[in-house]
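A.B. asks: So here's final.txt (compact mmCIF, C-alpha atoms).
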```txt
# COMPACT_ATOMS: atom_id res chain seq x y z
CA MET A 88 1.37 28.81 77.89
CA ASP A 89 4.39 29.81 75.92
CA PHE A 90 5.09 28.39 72.51
CA ASP A 91 5.71 29.57 68.97
CA PHE A 92 2.21 29.36 67.48
CA ASP A 93 3.35 30.57 64.05
CA ALA A 94 5.89 27.77 63.90
CA VAL A 95 3.18 25.28 64.84
CA THR A 96 0.97 26.45 61.98
CA ARG A 97 3.96 26.26 59.61
CA GLY A 98 4.32 22.60 60.47
CA ASP A 99 7.48 22.80 62.54
CA ALA A 100 7.78 19.45 64.34
CA ASP A 101 9.60 20.85 67.38
CA ALA A 102 7.05 23.63 67.85
CA TRP A 103 4.26 21.05 67.53
CA GLN A 104 5.85 18.90 70.22
CA ASP A 105 6.15 21.97 72.43
CA PHE A 106 2.53 22.90 71.79
CA THR A 107 1.21 19.41 72.52
CA ASP A 108 3.35 19.07 75.66
CA GLN A 109 1.85 22.26 77.03
CA THR A 110 -1.76 21.59 76.08
CA ILE A 111 -2.22 17.83 76.44
CA ARG A 112 -2.97 17.81 80.17
CA LEU A 113 -5.64 20.47 79.66
CA VAL A 114 -7.11 18.46 76.79
CA ILE A 115 -7.29 15.34 78.97
CA ALA A 116 -8.93 17.26 81.81
CA SER A 117 -11.46 18.79 79.42
CA ILE A 118 -12.42 15.40 78.03
CA ARG A 119 -12.71 13.94 81.53
CA ARG A 120 -15.16 16.72 82.36
CA VAL A 121 -17.46 15.37 79.65
CA CYS A 122 -16.64 11.69 80.31
CA PRO A 123 -15.78 11.64 84.04
CA SER A 124 -15.37 7.87 84.24
CA GLY A 125 -12.24 8.03 82.11
CA LYS A 126 -13.97 6.08 79.41
CA THR A 127 -17.02 6.94 77.35
CA PRO A 128 -20.06 4.73 77.91
CA TYR A 129 -19.27 3.13 74.56
CA GLY A 130 -15.66 2.17 75.12
CA ASP A 131 -13.66 5.05 73.68
CA GLU A 132 -10.59 5.44 75.81
CA ILE A 133 -9.63 8.94 76.83
CA ASP A 134 -6.38 8.51 74.91
CA ASP A 135 -8.30 7.94 71.68
CA LEU A 136 -10.27 11.12 72.22
CA VAL A 137 -7.10 13.07 72.98
CA GLN A 138 -5.68 11.91 69.67
CA ALA A 139 -8.95 12.89 67.98
CA VAL A 140 -8.58 16.42 69.36
CA TYR A 141 -5.10 16.87 67.90
CA ILE A 142 -6.10 15.23 64.62
CA LYS A 143 -8.94 17.73 64.40
CA LEU A 144 -6.45 20.56 64.90
CA LEU A 145 -4.26 19.25 62.06
CA ARG A 146 -7.11 18.35 59.69
CA ASN A 147 -7.46 20.28 56.40
CA ASP A 148 -3.93 21.58 56.48
CA SER A 149 -4.24 22.69 60.12
CA ARG A 150 -7.25 24.89 59.36
CA LEU A 151 -8.29 25.25 63.01
CA LEU A 152 -4.78 26.11 64.13
CA ARG A 153 -4.37 28.67 61.38
CA HIS A 154 -7.69 30.33 62.26
CA TYR A 155 -6.98 30.63 65.97
CA ASP A 156 -7.13 34.31 66.89
CA PRO A 157 -5.43 35.21 70.20
CA THR A 158 -7.23 38.56 70.25
CA LYS A 159 -10.60 36.78 70.52
CA SER A 160 -9.85 34.26 73.26
CA GLY A 161 -7.11 32.65 75.28
CA ILE A 162 -5.59 29.42 74.07
CA SER A 163 -6.84 27.55 77.17
CA THR A 164 -10.49 28.42 76.57
CA TRP A 165 -10.18 27.67 72.88
CA ILE A 166 -8.52 24.29 73.30
CA THR A 167 -10.89 23.35 76.14
CA LEU A 168 -13.88 24.03 73.89
CA ILE A 169 -12.41 21.98 71.06
CA ALA A 170 -11.66 19.07 73.41
CA ARG A 171 -15.16 19.11 74.89
CA SER A 172 -16.71 19.38 71.47
CA VAL A 173 -14.75 16.31 70.30
CA ALA A 174 -15.85 14.36 73.40
CA ILE A 175 -19.51 15.37 72.93
CA ASP A 176 -19.37 14.46 69.23
CA SER A 177 -17.96 11.07 70.15
CA LEU A 178 -20.82 10.43 72.56
CA ARG A 179 -23.35 11.45 69.91
CA ARG A 180 -21.77 9.33 67.21
CA ARG A 181 -21.96 6.30 69.44
CA THR A 182 -25.57 7.09 70.28
CA LEU A 183 -26.38 7.18 66.58
CA ASP A 184 -24.51 3.91 66.01
CA THR A 185 -26.60 2.17 68.64
CA ARG A 186 -29.98 3.45 67.44
CA PRO A 187 -32.37 0.62 66.52
CA MET A 188 -32.73 -0.09 62.81
CA ASP A 189 -36.38 1.03 62.68
CA ASP A 190 -35.37 4.44 64.09
CA ALA A 191 -32.87 5.05 61.32
CA SER A 192 -35.39 6.38 58.82
CA GLY A 193 -33.92 9.87 58.66
CA ALA A 194 -31.24 12.19 59.91
CA VAL A 195 -31.39 12.81 63.63
CA SER A 196 -30.22 16.05 65.14
CA PRO A 197 -28.24 16.03 68.39
CA GLN A 198 -31.18 17.81 69.97
CA GLU A 199 -33.51 14.93 69.18
CA GLN A 200 -31.14 12.39 70.67
CA VAL A 201 -30.88 13.99 74.06
CA ALA A 202 -33.90 16.23 74.59
CA PRO A 203 -36.86 14.86 76.51
CA ILE A 204 -39.92 13.96 74.51
CA GLY A 205 -42.49 16.74 74.51
CA PRO A 206 -44.22 19.29 72.34
CA VAL A 207 -42.24 20.76 69.46
CA ILE A 208 -42.25 24.53 69.70
CA PRO A 209 -41.53 26.48 66.49
CA THR A 210 -38.17 28.13 66.89
CA HIS A 211 -39.30 31.45 65.43
CA ILE A 212 -41.83 32.05 68.23
CA LEU A 213 -39.05 33.29 70.52
CA THR A 214 -35.75 35.06 70.12
CA ALA A 215 -32.54 33.09 70.54
CA ARG A 216 -31.95 34.65 73.94
CA GLN A 217 -35.48 33.85 75.10
CA ARG A 218 -35.07 30.24 73.98
CA LEU A 219 -31.74 29.97 75.77
CA ILE A 220 -33.07 31.42 79.01
CA LEU A 221 -36.17 29.20 79.06
CA THR A 222 -34.01 26.18 78.30
CA MET A 223 -31.60 26.94 81.11
CA LEU A 224 -34.43 27.58 83.56
CA PHE A 225 -36.69 24.65 82.73
CA GLU A 226 -34.51 22.04 81.10
CA ASP A 227 -31.32 22.53 83.09
CA ASP A 228 -33.20 23.46 86.30
CA MET A 229 -31.02 26.48 86.92
CA ASP A 230 -32.34 29.35 89.01
CA VAL A 231 -32.46 32.96 87.84
CA ALA A 232 -29.20 33.89 89.59
CA GLU A 233 -27.32 30.99 87.98
CA VAL A 234 -28.64 31.81 84.53
CA ALA A 235 -27.73 35.47 85.02
CA GLU A 236 -24.20 34.51 86.01
CA GLY A 237 -23.90 32.07 83.11
CA LEU A 238 -25.02 34.68 80.60
CA ASN A 239 -23.19 37.49 82.35
CA VAL A 240 -26.29 39.69 82.67
CA ASN A 241 -28.39 41.18 85.46
CA PRO A 242 -30.90 38.80 87.15
CA GLN A 243 -33.64 41.33 86.42
CA THR A 244 -32.90 40.97 82.71
CA ILE A 245 -33.43 37.23 83.04
CA ARG A 246 -36.77 37.72 84.81
CA SER A 247 -38.10 40.20 82.25
CA THR A 248 -36.88 38.11 79.30
CA LYS A 249 -38.50 35.02 80.82
CA HIS A 250 -41.76 36.91 81.30
CA LYS A 251 -41.83 38.12 77.69
CA ALA A 252 -41.05 34.62 76.45
CA MET A 253 -43.82 33.09 78.55
CA GLU A 254 -46.27 35.69 77.22
CA ARG A 255 -45.40 34.79 73.67
CA LEU A 256 -45.65 31.07 74.35
CA ARG A 257 -48.98 31.46 76.09
CA ALA A 258 -50.33 33.42 73.10
CA TYR A 259 -48.96 30.81 70.71
CA PHE A 260 -50.46 27.87 72.58
CA LYS A 261 -53.79 29.67 72.98
CA GLY A 262 -53.91 30.14 69.24
CA GLU A 263 -52.96 26.51 68.68
CA SER A 264 -55.41 24.92 71.09
CA GLY A 265 -58.30 27.34 70.77
CA GLY A 266 -57.81 29.13 74.06
CA ASP A 267 -56.06 26.65 76.30
CA VAL A 268 -52.43 26.09 77.22
CA PRO A 269 -50.97 22.83 75.92
CA ARG A 270 -52.03 19.58 77.50
CA GLU A 271 -49.66 16.87 78.62
CA PRO A 272 -47.66 15.80 75.54
CA ASP A 273 -49.04 12.69 73.89
CA VAL A 274 -45.92 10.56 73.65
CA GLN A 275 -47.54 7.68 71.78
CA SER A 276 -48.79 9.72 68.84
CA GLU A 277 -45.77 12.06 68.88
CA ASP A 278 -48.21 14.93 68.62
CA ARG A 279 -46.32 17.93 67.29
CA ILE A 280 -47.70 21.31 68.24
CA MET B 160 -61.68 30.92 82.95
CA THR B 161 -58.16 30.69 84.40
CA SER B 162 -56.17 33.74 85.44
CA PRO B 163 -52.98 34.69 83.57
CA HIS B 164 -51.01 33.75 86.68
CA HIS B 165 -52.44 30.26 86.67
CA GLU B 166 -51.87 29.97 82.95
CA PHE B 167 -48.22 30.85 83.46
CA GLU B 168 -47.89 28.26 86.21
CA ASP B 169 -49.53 25.65 84.05
CA LEU B 170 -47.33 26.53 81.09
CA GLU B 171 -44.23 26.41 83.27
CA ARG B 172 -45.21 22.95 84.54
CA ARG B 173 -45.69 21.73 80.97
CA LEU B 174 -42.33 23.14 79.93
CA ARG B 175 -40.57 21.44 82.83
CA ALA B 176 -42.01 18.15 81.57
CA GLY B 177 -39.98 18.63 78.39
CA TRP B 178 -40.24 20.13 74.92
CA GLN B 179 -38.22 20.45 71.76
CA TRP B 180 -37.50 23.36 69.44
CA SER B 181 -38.57 22.76 65.88
CA GLU B 182 -35.18 23.55 64.36
CA HIS B 183 -31.63 22.82 65.38
CA ALA B 184 -29.30 25.78 65.12
CA PRO B 185 -26.29 25.55 62.79
CA ASN B 186 -22.85 25.10 64.26
CA VAL B 187 -20.72 28.04 65.34
CA PRO B 188 -16.91 27.98 65.04
CA GLU B 189 -15.12 27.09 68.28
CA GLN B 190 -13.22 30.36 68.01
CA ASP B 191 -16.49 32.34 68.27
CA LEU B 192 -17.68 30.18 71.16
CA ALA B 193 -14.37 30.74 72.94
CA ALA B 194 -14.73 34.50 72.43
CA TRP B 195 -18.26 34.33 73.87
CA VAL B 196 -17.03 32.34 76.88
CA GLU B 197 -14.45 35.03 77.59
CA SER B 198 -17.00 37.81 76.94
CA GLN B 199 -14.90 39.06 74.03
CA CYS B 200 -17.93 39.34 71.76
CA PRO B 201 -21.30 41.05 72.33
CA SER B 202 -23.16 39.40 75.20
CA GLU B 203 -26.27 38.95 73.06
CA HIS B 204 -24.87 36.94 70.17
CA GLU B 205 -27.79 35.34 68.35
CA PRO B 206 -26.12 32.40 66.53
CA ILE B 207 -24.35 31.33 69.72
CA GLU B 208 -27.44 31.68 71.90
CA ALA B 209 -29.52 29.79 69.33
CA LEU B 210 -26.95 26.99 69.24
CA LEU B 211 -26.74 26.77 73.02
CA ALA B 212 -30.54 26.73 73.34
CA SER B 213 -30.79 23.75 71.02
CA ASP B 214 -27.76 21.71 72.14
CA PRO B 215 -27.95 20.73 75.83
CA GLN B 216 -24.58 19.00 76.04
CA LEU B 217 -22.70 21.83 74.41
CA ARG B 218 -24.64 24.36 76.49
CA ARG B 219 -23.63 22.66 79.75
CA ALA B 220 -20.01 22.42 78.62
CA VAL B 221 -19.88 26.07 77.53
CA ILE B 222 -21.69 27.50 80.55
CA ASP B 223 -19.53 25.38 82.85
CA LEU B 224 -16.44 26.72 81.11
CA ARG B 225 -17.72 30.28 81.42
CA LEU B 226 -18.44 29.91 85.12
CA SER B 227 -15.50 27.75 86.19
CA GLY B 228 -12.83 28.45 83.57
CA PRO B 229 -10.64 25.76 82.03
CA PRO B 230 -10.35 22.66 84.23
CA GLN B 231 -7.37 21.73 86.35
CA VAL B 232 -4.90 19.85 84.21
CA ASP B 233 -4.61 16.06 84.32
CA ALA B 234 -1.51 13.94 83.96
CA ALA B 235 -0.60 12.62 80.52
CA SER B 236 1.36 9.43 79.98
CA LEU B 237 4.68 9.62 78.17
CA GLU B 238 3.41 7.16 75.57
CA LEU B 239 0.41 9.36 74.75
CA ARG B 240 2.61 12.44 74.51
CA ARG B 241 4.89 10.58 72.12
CA GLN B 242 1.96 9.48 69.95
CA ILE B 243 0.51 12.99 69.79
CA GLY B 244 3.91 14.44 68.98
CA HIS B 245 4.14 12.15 65.95
CA LEU B 246 0.81 13.27 64.52
CA MET B 247 2.40 16.24 62.78
CA PRO B 248 3.40 15.20 59.23
CA ALA B 249 7.19 15.29 58.97
CA GLN B 250 8.47 18.36 57.12
CA PRO B 251 11.58 17.77 54.97
CA ALA B 252 14.70 19.67 56.07
CA VAL B 253 16.07 22.50 53.91
CA ILE B 254 18.63 20.23 52.25
CA GLY B 255 15.94 17.67 51.70
CA ARG B 256 13.72 20.26 50.08
CA ILE B 257 16.55 21.37 47.74
CA GLY B 258 17.10 17.71 46.90
CA MET B 259 13.44 17.38 46.04
CA TRP B 260 13.65 20.29 43.59
CA VAL B 261 16.80 18.88 41.97
CA ALA B 262 15.13 15.49 41.62
CA ALA B 263 12.07 17.10 40.06
CA ALA B 264 14.23 19.03 37.57
CA ALA B 265 16.17 15.88 36.70
CA ALA B 266 12.93 14.01 36.11
CA VAL B 267 11.75 16.71 33.71
CA LEU B 268 15.07 16.63 31.84
CA LEU B 269 14.98 12.85 31.61
CA ALA B 270 11.45 12.92 30.30
CA PHE B 271 12.35 15.53 27.68
CA GLY B 272 15.50 13.65 26.66
CA GLY B 273 13.58 10.41 26.36
CA TRP B 274 11.00 12.08 24.18
CA GLN B 275 13.71 13.50 21.88
CA LEU B 276 15.44 10.12 21.56
CA GLY B 277 12.13 8.49 20.83
CA ALA B 278 11.37 11.02 18.09
CA ALA B 279 14.82 10.52 16.49
CA SER B 280 14.43 6.76 16.61
CA GLU B 281 11.06 7.10 14.93
CA SER B 282 12.51 9.07 11.97
CA GLU B 283 15.35 6.52 11.57
CA ARG B 284 12.86 3.67 11.61
CA SER B 285 10.83 5.48 8.96
CA LEU B 286 13.94 5.85 6.77
CA GLN B 287 14.71 2.14 7.13
CA GLN B 288 11.16 1.28 6.11
CA ASP B 289 11.44 3.55 3.06
CA THR B 290 14.70 1.86 2.14
CA LEU B 291 13.15 -1.59 2.42
CA ALA B 292 10.20 -0.57 0.30
CA TYR B 293 12.48 0.90 -2.30
CA ALA B 294 14.64 -2.22 -2.33
CA THR B 295 11.66 -4.52 -2.63
CA PHE B 296 9.59 -2.72 -5.20
CA GLY B 297 11.79 -0.16 -6.89
CA LEU B 298 14.81 -2.17 -8.21
CA SER B 299 13.12 -3.63 -11.34
CA ASP B 300 14.10 -0.57 -13.31
CA SER B 301 17.80 -1.47 -13.22
CA GLY B 302 20.30 0.87 -14.73
CA SER B 303 18.66 4.03 -13.57
CA GLU B 304 20.74 6.55 -11.68
CA ASP B 305 18.36 6.36 -8.72
CA ASN B 306 18.98 2.65 -8.31
CA ALA B 307 22.68 3.10 -8.48
CA SER B 308 22.68 5.81 -5.86
CA PHE B 309 20.38 3.67 -3.68
CA LEU B 310 22.73 0.70 -3.89
CA ILE B 311 25.61 2.89 -2.92
CA TYR B 312 23.57 4.25 -0.01
CA ALA B 313 22.43 0.75 1.11
CA GLY B 314 25.94 -0.59 0.90
CA SER B 315 27.30 2.24 2.95
CA GLY B 316 24.51 1.73 5.52
CA LYS B 317 25.34 -1.96 5.82
CA GLU B 318 29.00 -1.15 6.31
CA GLY B 319 28.04 1.38 8.93
CA GLN B 320 25.99 -1.24 10.79
CA GLN B 321 28.82 -3.74 10.65
```
Can you give me the file's structure in the form of C-alpha cells?

C.D. replies:
Amino acid sequence: MDFDFDAVTRGDADAWQDFTDQTIRLVIASIRRVCPSGKTPYGDEIDDLVQAVYIKLLRNDSRLLRHYDPTKSGISTWITLIARSVAIDSLRRRTLDTRPMDDASGAVSPQEQVAPIGPVIPTHILTARQRLILTMLFEDDMDVAEVAEGLNVNPQTIRSTKHKAMERLRAYFKGESGGDVPREPDVQSEDRI
Amino acid sequence: MTSPHHEFEDLERRLRAGWQWSEHAPNVPEQDLAAWVESQCPSEHEPIEALLASDPQLRRAVIDLRLSGPPQVDAASLELRRQIGHLMPAQPAVIGRIGMWVAAAAAVLLAFGGWQLGAASESERSLQQDTLAYATFGLSDSGSEDNASFLIYAGSGKEGQQ
C-alpha cells in the first residue's frame, strides 16, 4: 500500500480518499471472515460495518490513525485487526441487545456471552500463557502443533506449559473439593468453584 | 485412590466440557495486537495472552491472522467507496482559512465598537436625565446664574436636535 499517511492524519481529503481506496477491500474481506454470510446474524449489512471501521479510525480527532506506528506492524495487519474487532463488537452488541430482560441484572463480559457454562476458575491460579494454551487446547480443540504454530513457539514448550498448568489446576481443585478433581459442573445452581 | 495420570485425564475431560476464567482481561490497543501478530513484540506478552485467553472470538481472529495473514481482498462497490470517502470532515482551503481569521477579527472589532457606542450612549442618556431633573426641580430659584446658564445650555441643545 502506498499513500501519504501523514496527510491522512492531518485531515487531507485527497489523502483520505487514497487511503480508503487502498484499504477498503481488505476491510471488507476482514469483516467477511468474521461474518462469512455477508450479513451478521442480526441484520447489520457488511457496508454498515465497513463504515463503522472508518468512523472508528476518525473518532476522537483520528486518534487511532495518529497512533499507528509503522515500525510495530504493517498497515494490512493493523487494519485487519481493527476491522475484525469492529465486526466482533457488533456481534456482541447485538447479543447483549437480545438478552432476555431477567438476564440484564448486571454487566456481562464478552467471555460470559460466548463461553460454555462450566466451573469458574480463578484467573490467578495460572499464568496468562498457561491460560491461553489450555484454552486453545481444550476450548478451541487445537492440537499441540497448531497451538505451537499459533504462538510461534516450540511444541515441546506447549507440552511442558500444559503439564505445569494441569498440575496447578489439579492442586487447586484438590484443595477446593477436599482431595478430588472437580465433578461435572452443576448448571442449574451455577456452582462457582 | 486414583493415579496422577488418571487425575489428569479426568481433569482434561472436565475442562473439555467447558469452564470460565473468573476475570476478563482488559483490552489491549489494536496496535499492540498487530505487533504481536507480526511477532514484533516479545512472544510472551502477558496482557495480550491474558486477553486472548479470555476472549474466544478475538483469539480466533488473531490466531487466524497470525497463521494465514491478512485475507484476500474483496470487491467494494463504488457507492460504498464514495460514502467512506466523504466520512472525513471537510478541511477549509487556505483562502478559506484566511477568510475565517479575517471574519473572526472583524467580529471582535464589531463587538468592541458596539460596546464603545453603547457606553457613549449611556453617558449621553445620563446627561439628558440630569438636565430633565434640573429643569423639573431646580428652576424655582429663578434669577440665579446657574439657571441662566442652564437655559442657555438647554436652548442650544434643542437647537442642536432640530

A.B. asks: Let me make sure I understand: among B:Gln179, B:Ser227, B:Gln275, B:Ser285, which one has the smallest atom-to-atom distance to chain A if we use only C-alpha atoms?

C.D. replies: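 Comparing B:Gln179, B:Ser227, B:Gln275, B:Ser285 against chain A, the winner is B:Gln179.
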
A.B. asks: Which residue out of A:Leu136, A:Asp101, A:Gly161, A:Arg150 has the minimum interatomic distance to A:Cys122 when all atoms listed in the file are used?

C.D. replies: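 Of all the options, A:Leu136 lies closest to A:Cys122.
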
A.B. asks: Dig up all the protein and nucleic acid residues within 10 Å of (2.1, 24.2, 58.0) in the file frame, using all atoms listed in the file, and format them as number ranges by chain.

C.D. replies: A: 93-100, 145, 148-150, 152-153; B: 247-248, 250

A.B. asks: To one decimal place, how far is atom CA of B:Ala176 from atom CA of A:Arg216 in Å?

C.D. replies: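 These atoms are spaced 20.8 Å apart.
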
A.B. asks: Which residue is closest to B:Gly228? Choose from B:His245, B:Met259, B:Glu197, B:Glu205 and count all atoms listed in the file.

C.D. replies: B:Glu197

A.B. asks: Residues of chain A were defined as contacting chain B if any atom lay at most 7 Å from it, counting all atoms listed in the file; please report them as number ranges by chain.

C.D. replies: A: 98, 100, 103-104, 107-108, 111-113, 115-117, 134, 138, 155, 159-160, 163-165, 167-169, 171, 175, 196-198, 202-210, 215-216, 218-219, 222, 225-226, 237, 253, 268, 271

A.B. asks: Pick out the closest residue to A:Ile220 from this set: A:Ile118, A:Ile245, A:Ser172, A:Glu233. Count all atoms listed in the file.

C.D. replies: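 Smallest distance to A:Ile220 is found for A:Ile245.
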
A.B. asks: One decimal, Å: what's the distance from atom CA of A:Asp105 over to atom CA of A:Asp135, could you say?

C.D. replies: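 Going from atom CA of A:Asp105 over to atom CA of A:Asp135 covers 20.2 Å.
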
A.B. asks: Do you have the atom CA of A:Asp156-atom CA of A:Val121 distance handy?

C.D. replies: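 Between these atoms lies a distance of 25.1 Å.
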
A.B. asks: Considering all atoms listed in the file, state which residue in the set A:Ser177, A:Thr158, A:Asn147, A:Thr248 is at the smallest distance from A:Leu213.

C.D. replies: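 Looking only at the distances to A:Leu213, the closest residue turns out to be A:Thr248.
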
A.B. asks: So which one's closest to A:Ala139, A:Ala174, A:Arg119, A:Thr110, A:Ile162? Using only C-alpha atoms, please.

C.D. replies: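 Using only C-alpha atoms, A:Ala139 sits closest to A:Ala174.
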